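Undergrad: Just one file: work-v5.pdb, with PDB, C-alpha atoms and all ligand atoms.
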ATOM      1  CA  MET A 183      76.301  24.249  24.399  1.00  0.00           C
ATOM      2  CA  ALA A 184      77.078  27.932  24.226  1.00  0.00           C
ATOM      3  CA  SER A 185      74.461  28.504  21.554  1.00  0.00           C
ATOM      4  CA  LEU A 186      71.816  27.562  24.067  1.00  0.00           C
ATOM      5  CA  VAL A 187      72.499  30.759  25.954  1.00  0.00           C
ATOM      6  CA  LEU A 188      71.360  32.820  23.015  1.00  0.00           C
ATOM      7  CA  VAL A 189      67.966  31.111  22.751  1.00  0.00           C
ATOM      8  CA  GLY A 190      65.304  33.768  23.181  1.00  0.00           C
ATOM      9  CA  GLY A 191      65.815  37.439  23.951  1.00  0.00           C
ATOM     10  CA  ALA A 192      67.480  38.307  20.649  1.00  0.00           C
ATOM     11  CA  GLY A 193      66.140  41.842  20.951  1.00  0.00           C
ATOM     12  CA  ALA A 194      67.589  42.207  24.411  1.00  0.00           C
ATOM     13  CA  VAL A 195      71.011  41.182  23.095  1.00  0.00           C
ATOM     14  CA  GLU A 196      70.878  43.927  20.452  1.00  0.00           C
ATOM     15  CA  GLU A 197      69.931  46.523  23.026  1.00  0.00           C
ATOM     16  CA  GLN A 198      72.741  45.604  25.359  1.00  0.00           C
ATOM     17  CA  GLU A 199      75.435  45.569  22.722  1.00  0.00           C
ATOM     18  CA  GLN A 200      76.116  49.288  22.866  1.00  0.00           C
ATOM     19  CA  ASP A 201      75.927  49.521  26.638  1.00  0.00           C
ATOM     20  CA  PRO A 202      79.057  49.563  28.775  1.00  0.00           C
ATOM     21  CA  ALA A 203      79.410  46.788  31.354  1.00  0.00           C
ATOM     22  CA  PRO A 204      77.394  47.567  34.470  1.00  0.00           C
ATOM     23  CA  THR A 205      79.477  48.334  37.536  1.00  0.00           C
ATOM     24  CA  GLY A 206      79.481  46.056  40.544  1.00  0.00           C
ATOM     25  CA  ASP A 207      81.740  43.529  42.223  1.00  0.00           C
ATOM     26  CA  VAL A 208      80.071  40.744  40.318  1.00  0.00           C
ATOM     27  CA  VAL A 209      77.575  41.244  37.482  1.00  0.00           C
ATOM     28  CA  VAL A 210      74.983  38.529  36.926  1.00  0.00           C
ATOM     29  CA  TYR A 211      72.934  38.370  33.730  1.00  0.00           C
ATOM     30  CA  LEU A 212      69.846  36.442  34.778  1.00  0.00           C
ATOM     31  CA  LEU A 213      68.150  34.731  31.852  1.00  0.00           C
ATOM     32  CA  ASP A 214      64.855  33.317  33.045  1.00  0.00           C
ATOM     33  CA  HIS A 215      63.489  30.810  30.556  1.00  0.00           C
ATOM     34  CA  GLN A 216      61.032  29.501  33.131  1.00  0.00           C
ATOM     35  CA  TYR A 217      59.118  32.820  33.314  1.00  0.00           C
ATOM     36  CA  LEU A 218      59.225  32.848  37.096  1.00  0.00           C
ATOM     37  CA  PRO A 219      56.848  35.045  39.086  1.00  0.00           C
ATOM     38  CA  THR A 220      58.385  38.275  40.350  1.00  0.00           C
ATOM     39  CA  ASP A 221      58.285  37.317  44.024  1.00  0.00           C
ATOM     40  CA  GLU A 222      60.142  34.101  43.294  1.00  0.00           C
ATOM     41  CA  LEU A 223      62.826  35.965  41.341  1.00  0.00           C
ATOM     42  CA  THR A 224      63.130  38.430  44.215  1.00  0.00           C
ATOM     43  CA  THR A 225      63.621  35.576  46.701  1.00  0.00           C
ATOM     44  CA  ILE A 226      66.232  33.932  44.462  1.00  0.00           C
ATOM     45  CA  GLN A 227      68.219  37.149  44.094  1.00  0.00           C
ATOM     46  CA  ALA A 228      67.967  38.000  47.809  1.00  0.00           C
ATOM     47  CA  GLU A 229      69.249  34.558  48.818  1.00  0.00           C
ATOM     48  CA  ILE A 230      72.175  34.699  46.387  1.00  0.00           C
ATOM     49  CA  ASN A 231      72.989  38.249  47.543  1.00  0.00           C
ATOM     50  CA  ARG A 232      72.980  37.023  51.134  1.00  0.00           C
ATOM     51  CA  ILE A 233      75.278  34.065  50.453  1.00  0.00           C
ATOM     52  CA  PHE A 234      77.835  36.273  48.678  1.00  0.00           C
ATOM     53  CA  SER A 235      77.582  39.093  51.205  1.00  0.00           C
ATOM     54  CA  ASP A 236      79.580  36.816  53.552  1.00  0.00           C
ATOM     55  CA  ALA A 237      82.508  37.450  51.210  1.00  0.00           C
ATOM     56  CA  GLY A 238      81.711  41.182  50.974  1.00  0.00           C
ATOM     57  CA  VAL A 239      80.774  40.679  47.329  1.00  0.00           C
ATOM     58  CA  GLN A 240      77.941  42.823  45.975  1.00  0.00           C
ATOM     59  CA  ILE A 241      76.028  41.523  42.994  1.00  0.00           C
ATOM     60  CA  THR A 242      74.617  43.721  40.256  1.00  0.00           C
ATOM     61  CA  TRP A 243      71.659  42.023  38.594  1.00  0.00           C
ATOM     62  CA  VAL A 244      70.760  42.462  34.943  1.00  0.00           C
ATOM     63  CA  SER A 245      67.519  40.696  34.036  1.00  0.00           C
ATOM     64  CA  ASN A 246      66.879  38.928  30.755  1.00  0.00           C
ATOM     65  CA  ALA A 247      69.728  40.547  28.881  1.00  0.00           C
ATOM     66  CA  SER A 248      73.133  39.287  27.904  1.00  0.00           C
ATOM     67  CA  PRO A 249      75.869  41.204  26.109  1.00  0.00           C
ATOM     68  CA  ARG A 250      77.233  39.564  22.977  1.00  0.00           C
ATOM     69  CA  ARG A 251      80.797  40.470  23.908  1.00  0.00           C
ATOM     70  CA  ARG A 252      82.986  38.085  25.895  1.00  0.00           C
ATOM     71  CA  LEU A 253      82.107  38.394  29.560  1.00  0.00           C
ATOM     72  CA  ALA A 254      84.719  39.677  32.022  1.00  0.00           C
ATOM     73  CA  PRO A 255      85.962  37.460  34.888  1.00  0.00           C
ATOM     74  CA  ASN A 256      83.533  39.205  37.259  1.00  0.00           C
ATOM     75  CA  GLU A 257      80.544  38.659  34.947  1.00  0.00           C
ATOM     76  CA  LEU A 258      78.487  35.527  34.454  1.00  0.00           C
ATOM     77  CA  ARG A 259      75.100  34.325  33.317  1.00  0.00           C
ATOM     78  CA  ILE A 260      72.550  32.403  35.327  1.00  0.00           C
ATOM     79  CA  VAL A 261      70.222  30.618  32.962  1.00  0.00           C
ATOM     80  CA  VAL A 262      67.079  29.190  34.548  1.00  0.00           C
ATOM     81  CA  LEU A 263      65.779  26.416  32.300  1.00  0.00           C
ATOM     82  CA  PRO A 264      62.670  24.292  32.775  1.00  0.00           C
ATOM     83  CA  SER A 265      64.729  21.083  32.621  1.00  0.00           C
ATOM     84  CA  ASP A 266      68.143  19.767  31.720  1.00  0.00           C
ATOM     85  CA  GLY A 267      66.858  18.254  28.496  1.00  0.00           C
ATOM     86  CA  THR A 268      68.747  15.312  27.132  1.00  0.00           C
ATOM     87  CA  ARG A 269      70.091  16.488  23.800  1.00  0.00           C
ATOM     88  CA  TRP A 270      72.933  18.517  25.230  1.00  0.00           C
ATOM     89  CA  PHE A 271      73.490  17.051  28.644  1.00  0.00           C
ATOM     90  CA  GLN A 272      74.013  13.385  29.425  1.00  0.00           C
ATOM     91  CA  GLY A 273      74.060  12.787  33.150  1.00  0.00           C
ATOM     92  CA  PRO A 274      72.130  11.680  36.205  1.00  0.00           C
ATOM     93  CA  SER A 275      68.665  13.163  36.334  1.00  0.00           C
ATOM     94  CA  ASN A 276      68.999  14.553  39.852  1.00  0.00           C
ATOM     95  CA  ILE A 277      71.405  17.246  38.678  1.00  0.00           C
ATOM     96  CA  ILE A 278      69.913  20.626  39.529  1.00  0.00           C
ATOM     97  CA  GLY A 279      72.675  22.876  38.245  1.00  0.00           C
ATOM     98  CA  ILE A 280      75.666  22.763  35.951  1.00  0.00           C
ATOM     99  CA  ALA A 281      78.391  25.200  35.005  1.00  0.00           C
ATOM    100  CA  PRO A 282      80.060  24.184  31.740  1.00  0.00           C
ATOM    101  CA  HIS A 283      83.754  25.041  31.713  1.00  0.00           C
ATOM    102  CA  ASP A 284      87.007  24.217  29.990  1.00  0.00           C
ATOM    103  CA  ASP A 285      89.877  22.158  31.452  1.00  0.00           C
ATOM    104  CA  THR A 286      91.122  25.120  33.472  1.00  0.00           C
ATOM    105  CA  GLY A 287      87.714  25.780  35.001  1.00  0.00           C
ATOM    106  CA  ILE A 288      86.940  28.780  32.811  1.00  0.00           C
ATOM    107  CA  GLY A 289      83.270  29.188  31.967  1.00  0.00           C
ATOM    108  CA  ARG A 290      80.685  31.950  32.161  1.00  0.00           C
ATOM    109  CA  ASN A 291      77.314  30.161  32.304  1.00  0.00           C
ATOM    110  CA  CYS A 292      75.462  28.689  35.266  1.00  0.00           C
ATOM    111  CA  PHE A 293      72.450  26.606  34.292  1.00  0.00           C
ATOM    112  CA  VAL A 294      69.779  25.759  36.858  1.00  0.00           C
ATOM    113  CA  PHE A 295      66.975  23.320  36.110  1.00  0.00           C
ATOM    114  CA  TYR A 296      63.694  24.374  37.622  1.00  0.00           C
ATOM    115  CA  ARG A 297      61.966  21.011  37.349  1.00  0.00           C
ATOM    116  CA  GLN A 298      64.614  19.500  39.614  1.00  0.00           C
ATOM    117  CA  ALA A 299      63.969  22.224  42.192  1.00  0.00           C
ATOM    118  CA  ILE A 300      60.270  21.324  42.056  1.00  0.00           C
ATOM    119  CA  TRP A 301      61.171  17.682  42.576  1.00  0.00           C
ATOM    120  CA  PHE A 302      63.208  18.561  45.674  1.00  0.00           C
ATOM    121  CA  ARG A 303      60.344  20.679  46.964  1.00  0.00           C
ATOM    122  CA  GLN A 304      57.909  17.812  46.479  1.00  0.00           C
ATOM    123  CA  GLN A 305      60.097  15.556  48.612  1.00  0.00           C
ATOM    124  CA  ALA A 306      60.043  18.289  51.253  1.00  0.00           C
ATOM    125  CA  VAL A 307      56.247  18.632  51.019  1.00  0.00           C
ATOM    126  CA  TRP A 308      55.867  14.912  51.571  1.00  0.00           C
ATOM    127  CA  ARG A 309      58.152  15.023  54.623  1.00  0.00           C
ATOM    128  CA  CYS A 310      56.338  18.044  56.008  1.00  0.00           C
ATOM    129  CA  ARG A 311      52.953  16.381  55.654  1.00  0.00           C
ATOM    130  CA  GLN A 312      54.182  13.215  57.375  1.00  0.00           C
ATOM    131  CA  ALA A 313      55.704  15.221  60.225  1.00  0.00           C
ATOM    132  CA  VAL A 314      52.598  17.365  60.747  1.00  0.00           C
ATOM    133  CA  GLU A 315      50.329  14.297  60.857  1.00  0.00           C
ATOM    134  CA  ALA A 316      52.661  12.466  63.244  1.00  0.00           C
ATOM    135  CA  ARG A 317      52.849  15.469  65.568  1.00  0.00           C
ATOM    136  CA  ILE A 318      49.061  15.843  65.645  1.00  0.00           C
ATOM    137  CA  GLU A 319      48.663  12.175  66.419  1.00  0.00           C
ATOM    138  CA  ALA A 320      51.324  12.277  69.144  1.00  0.00           C
ATOM    139  CA  SER A 321      49.672  15.266  70.744  1.00  0.00           C
ATOM    140  CA  MET A 322      46.239  13.630  70.656  1.00  0.00           C
ATOM    141  CA  ARG A 323      47.623  10.518  72.317  1.00  0.00           C
ATOM    142  CA  GLY A 324      49.679  12.579  74.748  1.00  0.00           C
ATOM    143  CA  ILE A 325      52.980  10.941  73.769  1.00  0.00           C
ATOM    144  CA  GLU A 326      56.399  12.264  72.750  1.00  0.00           C
ATOM    145  CA  VAL A 327      57.110  12.905  69.098  1.00  0.00           C
ATOM    146  CA  ASP A 328      59.535  10.368  67.647  1.00  0.00           C
ATOM    147  CA  PRO A 329      62.933  12.025  66.976  1.00  0.00           C
ATOM    148  CA  TYR A 330      62.716  10.584  63.479  1.00  0.00           C
ATOM    149  CA  ILE A 331      59.774  12.899  62.832  1.00  0.00           C
ATOM    150  CA  ASP A 332      61.821  15.933  63.896  1.00  0.00           C
ATOM    151  CA  SER A 333      64.499  14.870  61.442  1.00  0.00           C
ATOM    152  CA  LEU A 334      61.949  14.901  58.622  1.00  0.00           C
ATOM    153  CA  ALA A 335      60.783  18.499  58.896  1.00  0.00           C
ATOM    154  CA  PRO A 336      60.742  21.362  61.406  1.00  0.00           C
ATOM    155  CA  GLU A 337      57.476  22.264  63.144  1.00  0.00           C
ATOM    156  CA  ASP A 338      56.944  25.346  60.990  1.00  0.00           C
ATOM    157  CA  CYS A 339      57.685  23.478  57.752  1.00  0.00           C
ATOM    158  CA  GLY A 340      54.314  24.523  56.324  1.00  0.00           C
ATOM    159  CA  ASP A 341      55.299  28.194  56.603  1.00  0.00           C
ATOM    160  CA  ARG A 342      58.567  27.519  54.822  1.00  0.00           C
ATOM    161  CA  LEU A 343      57.105  25.735  51.819  1.00  0.00           C
ATOM    162  CA  PRO A 344      56.076  28.816  49.771  1.00  0.00           C
ATOM    163  CA  SER A 345      59.666  30.065  49.404  1.00  0.00           C
ATOM    164  CA  LEU A 346      61.309  26.650  49.233  1.00  0.00           C
ATOM    165  CA  THR A 347      61.567  26.261  45.454  1.00  0.00           C
ATOM    166  CA  ALA A 348      63.160  29.690  45.113  1.00  0.00           C
ATOM    167  CA  LEU A 349      65.660  28.909  47.879  1.00  0.00           C
ATOM    168  CA  ILE A 350      66.600  25.627  46.199  1.00  0.00           C
ATOM    169  CA  VAL A 351      67.153  27.412  42.874  1.00  0.00           C
ATOM    170  CA  ALA A 352      69.169  30.149  44.601  1.00  0.00           C
ATOM    171  CA  ARG A 353      71.483  27.745  46.411  1.00  0.00           C
ATOM    172  CA  ALA A 354      72.061  25.675  43.299  1.00  0.00           C
ATOM    173  CA  ALA A 355      72.794  28.852  41.307  1.00  0.00           C
ATOM    174  CA  ALA A 356      75.130  30.198  44.012  1.00  0.00           C
ATOM    175  CA  HIS A 357      76.997  26.874  43.998  1.00  0.00           C
ATOM    176  CA  GLU A 358      77.519  27.063  40.235  1.00  0.00           C
ATOM    177  CA  MET A 359      78.517  30.744  40.520  1.00  0.00           C
ATOM    178  CA  VAL A 360      81.384  29.845  42.855  1.00  0.00           C
ATOM    179  CA  HIS A 361      82.584  27.203  40.365  1.00  0.00           C
ATOM    180  CA  ILE A 362      82.642  29.888  37.662  1.00  0.00           C
ATOM    181  CA  LEU A 363      83.977  32.857  39.625  1.00  0.00           C
ATOM    182  CA  LEU A 364      86.815  30.896  41.224  1.00  0.00           C
ATOM    183  CA  ALA A 365      87.365  28.521  38.282  1.00  0.00           C
ATOM    184  CA  LYS A 366      86.864  25.898  40.982  1.00  0.00           C
ATOM    185  CA  LEU A 367      86.913  22.393  39.541  1.00  0.00           C
ATOM    186  CA  ASP A 368      86.480  20.419  42.764  1.00  0.00           C
ATOM    187  CA  HIS A 369      84.003  20.314  45.638  1.00  0.00           C
ATOM    188  CA  SER A 370      84.349  21.081  49.328  1.00  0.00           C
ATOM    189  CA  ASP A 371      83.557  18.728  52.214  1.00  0.00           C
ATOM    190  CA  GLU A 372      80.899  21.006  53.649  1.00  0.00           C
ATOM    191  CA  GLY A 373      78.868  24.118  52.992  1.00  0.00           C
ATOM    192  CA  LEU A 374      77.676  25.535  49.698  1.00  0.00           C
ATOM    193  CA  MET A 375      80.310  23.802  47.597  1.00  0.00           C
ATOM    194  CA  ARG A 376      79.474  20.225  48.556  1.00  0.00           C
ATOM    195  CA  GLN A 377      78.725  17.942  45.648  1.00  0.00           C
ATOM    196  CA  ALA A 378      75.112  17.403  46.738  1.00  0.00           C
ATOM    197  CA  PHE A 379      72.579  18.890  49.131  1.00  0.00           C
ATOM    198  CA  ASP A 380      70.345  16.831  51.435  1.00  0.00           C
ATOM    199  CA  ILE A 381      66.614  17.430  51.328  1.00  0.00           C
ATOM    200  CA  ASN A 382      66.494  17.955  55.109  1.00  0.00           C
ATOM    201  CA  GLU A 383      68.970  20.816  54.879  1.00  0.00           C
ATOM    202  CA  LEU A 384      66.797  22.689  52.413  1.00  0.00           C
ATOM    203  CA  TRP A 385      64.542  23.739  55.304  1.00  0.00           C
ATOM    204  CA  ALA A 386      67.226  26.077  56.608  1.00  0.00           C
ATOM    205  CA  VAL A 387      66.399  29.768  56.263  1.00  0.00           C
ATOM    206  CA  GLY A 388      68.222  33.005  57.025  1.00  0.00           C
ATOM    207  CA  SER A 389      70.763  32.647  59.798  1.00  0.00           C
ATOM    208  CA  GLU A 390      70.243  28.869  59.816  1.00  0.00           C
ATOM    209  CA  ASP A 391      72.032  28.680  56.499  1.00  0.00           C
ATOM    210  CA  GLY A 392      74.984  26.662  57.832  1.00  0.00           C
ATOM    211  CA  PRO A 393      74.607  23.990  55.160  1.00  0.00           C
ATOM    212  CA  PHE A 394      74.943  26.627  52.438  1.00  0.00           C
ATOM    213  CA  ARG A 395      77.752  28.799  53.796  1.00  0.00           C
ATOM    214  CA  LEU A 396      80.880  29.631  51.907  1.00  0.00           C
ATOM    215  CA  SER A 397      84.031  28.200  53.458  1.00  0.00           C
ATOM    216  CA  ASN A 398      86.777  30.532  54.655  1.00  0.00           C
ATOM    217  CA  PRO A 399      89.095  29.761  51.713  1.00  0.00           C
ATOM    218  CA  GLU A 400      86.191  30.417  49.325  1.00  0.00           C
ATOM    219  CA  ILE A 401      85.418  33.711  51.090  1.00  0.00           C
ATOM    220  CA  MET A 402      89.064  34.778  50.887  1.00  0.00           C
ATOM    221  CA  ALA A 403      89.187  33.951  47.173  1.00  0.00           C
ATOM    222  CA  LEU A 404      85.883  35.699  46.427  1.00  0.00           C
ATOM    223  CA  ARG A 405      87.036  38.851  48.230  1.00  0.00           C
ATOM    224  CA  SER A 406      89.271  39.626  45.251  1.00  0.00           C
ATOM    225  CA  PHE A 407      86.053  40.584  43.447  1.00  0.00           C
ATOM    226  CA  SER A 408      85.016  43.060  46.123  1.00  0.00           C
ATOM    227  CA  THR A 409      85.780  46.648  45.084  1.00  0.00           C
ATOM    228  CA  GLU A 410      85.846  47.547  48.758  1.00  0.00           C
ATOM    229  CA  THR A 411      88.765  45.203  49.342  1.00  0.00           C
ATOM    230  CA  ALA A 412      90.464  45.902  46.028  1.00  0.00           C
ATOM    231  CA  GLY A 413      90.293  49.668  46.499  1.00  0.00           C
ATOM    232  CA  GLY A 414      91.178  49.699  50.181  1.00  0.00           C
ATOM    233  CA  SER A 415      94.633  49.747  51.672  1.00  0.00           C
ATOM    234  CA  HIS A 416      95.629  46.356  52.936  1.00  0.00           C
TER     235      HIS A 416
HETATM  236 ZN    ZN B   1      79.476  21.563  41.869  1.00  0.00          ZN
END
Let's see the structure in the file written out as structure tokens.
TA:
Amino acid sequence: MASLVLVGGAGAVEEQEQDPAPTGDVVVYLLDHQYLPTDELTTIQAEINRIFSDAGVQITWVSNASPRRRLAPNELRIVVLPSDGTRWFQGPSNIIGIAPHDDTGIGRNCFVFYRQAIWFRQQAVWRCRQAVEARIEASMRGIEVDPYIDSLAPEDCGDRLPSLTALIVARAAAHEMVHILLAKLDHSDEGLMRQAFDINELWAVGSEDGPFRLSNPEIMALRSFSTETAGGSH
């Protein structure tokens, strides 16, 4: 499984070998095998930054490079792959991310499968379309919109669609990052570290990110990575 990480970017690995580790609370080597557009990458990084800022953790991003040395506890890789494939991973096909680790939870790689994010987005598109049509019809007939329709998609769902795939990737990656950084083997009852996300929750943006928040225990544990906390007197 580990050899997969080294696929592509051999030149980048050589270049990095002599470089010292970048400074930052947490260093993420982002290996993008999906060749994402720049704006999508920017959205992914901004969303992950935002999720971890709750714990005061600042992320230093290193794009498409990975040092050959063993990564430190505050370093990890996010590998965006087109799909999970089947040769190296046997599991249900709705898995969007995975963080391989040993029995004690130690691992350094977070894989995210882009095709699964697209699938989630397509479910959201379908819900949005249904909701928009139902609202137009209700307004033409002068009747109330069925609450079921509101549960499908918010009124501005069309505006949210362009960034949806990136947000799905970001939340899946952030989830796997917490597994790796905290050597966390289990899942939480709510928030980012739940076992699965609901399609309806994916609409949440910015301050509406309740479904993807870190829990207080997770925030406390992640604070050990923050140089601010580590260097301060407490
Ligand atoms: Zn998980």
Undergrad: Expanded to explicit residues, what is the PyMOL selection byres (((chain A and resi 292) around 8) and not hetatm) for this file, as a list in words?
TA: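 For this structure, the PyMOL selection byres (((chain A and resi 292) around 8) and not hetatm) captures Leu258, Arg259, Ile260, Val261, Gly279, Ile280, Ala281, Pro282, Arg290, Asn291, Phe293, Val294, Ala355, Glu358, Met359 and Ile362 of chain A.
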Undergrad: Take the residues just selected and output them with C-alpha atoms as a PDB file, keeping the file's coordinate frame.
TA:
ATOM      1  CA  LEU A 258      78.487  35.527  34.454  1.00  0.00           C
ATOM      2  CA  ARG A 259      75.100  34.325  33.317  1.00  0.00           C
ATOM      3  CA  ILE A 260      72.550  32.403  35.327  1.00  0.00           C
ATOM      4  CA  VAL A 261      70.222  30.618  32.962  1.00  0.00           C
ATOM      5  CA  GLY A 279      72.675  22.876  38.245  1.00  0.00           C
ATOM      6  CA  ILE A 280      75.666  22.763  35.951  1.00  0.00           C
ATOM      7  CA  ALA A 281      78.391  25.200  35.005  1.00  0.00           C
ATOM      8  CA  PRO A 282      80.060  24.184  31.740  1.00  0.00           C
ATOM      9  CA  ARG A 290      80.685  31.950  32.161  1.00  0.00           C
ATOM     10  CA  ASN A 291      77.314  30.161  32.304  1.00  0.00           C
ATOM     11  CA  PHE A 293      72.450  26.606  34.292  1.00  0.00           C
ATOM     12  CA  VAL A 294      69.779  25.759  36.858  1.00  0.00           C
ATOM     13  CA  ALA A 355      72.794  28.852  41.307  1.00  0.00           C
ATOM     14  CA  GLU A 358      77.519  27.063  40.235  1.00  0.00           C
ATOM     15  CA  MET A 359      78.517  30.744  40.520  1.00  0.00           C
ATOM     16  CA  ILE A 362      82.642  29.888  37.662  1.00  0.00           C
TER      17      ILE A 362
END
Undergrad: Which is closer to A:Ser370 than all the others in A:Val327, A:Ile241, A:Leu396, A:Ile226, using all atoms listed in the file?
TA: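 Answer, going by the shortest atom-to-atom distance: A:Leu396.
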Undergrad: List the residues sitting within 10 Å of (56.9, 19.2, 51.4) in the file's frame, using all atoms listed in the file, as a list in words.
TA: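 Within the cut-off we find Trp301, Phe302, Arg303, Gln304, Gln305, Ala306, Val307, Trp308, Arg309, Cys310, Arg311, Gln312, Ala313, Leu334, Ala335, Cys339, Gly340, Arg342, Leu343, Pro344, Leu346, Ile381 and Trp385 of chain A.
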Undergrad: Using all atoms listed in the file for the distances, tell me which of A:Asp266, A:Asn276, A:Glu315, A:Pro219 is nearest to A:Gln377.
TA: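 Smallest distance to A:Gln377 is found for A:Asn276.
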Undergrad: Go through A:Lys366, A:Phe234, A:Gly392, A:Arg405 and flag the residue nearest A:Thr286, using only C-alpha atoms for the distances.
TA: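 Closest to A:Thr286 of all the choices is A:Lys366.
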Undergrad: Return as a tab-separated table the residues of chain A lying at most 7 Å from ligand ZN 1 (chain B), together with the closest atom-to-atom pair for each and the distance in Å to one decimal, counting all atoms listed in the file, with rows in chain order and ascending residue number.
TA:
residue	atom	partner	partner_atom	distance
A:His357	CA	B:ZN1	ZN	6.2
A:Glu358	CA	B:ZN1	ZN	6.1
A:His361	CA	B:ZN1	ZN	6.6
A:His369	CA	B:ZN1	ZN	6.0
A:Met375	CA	B:ZN1	ZN	6.2
A:Arg376	CA	B:ZN1	ZN	6.8
A:Gln377	CA	B:ZN1	ZN	5.3
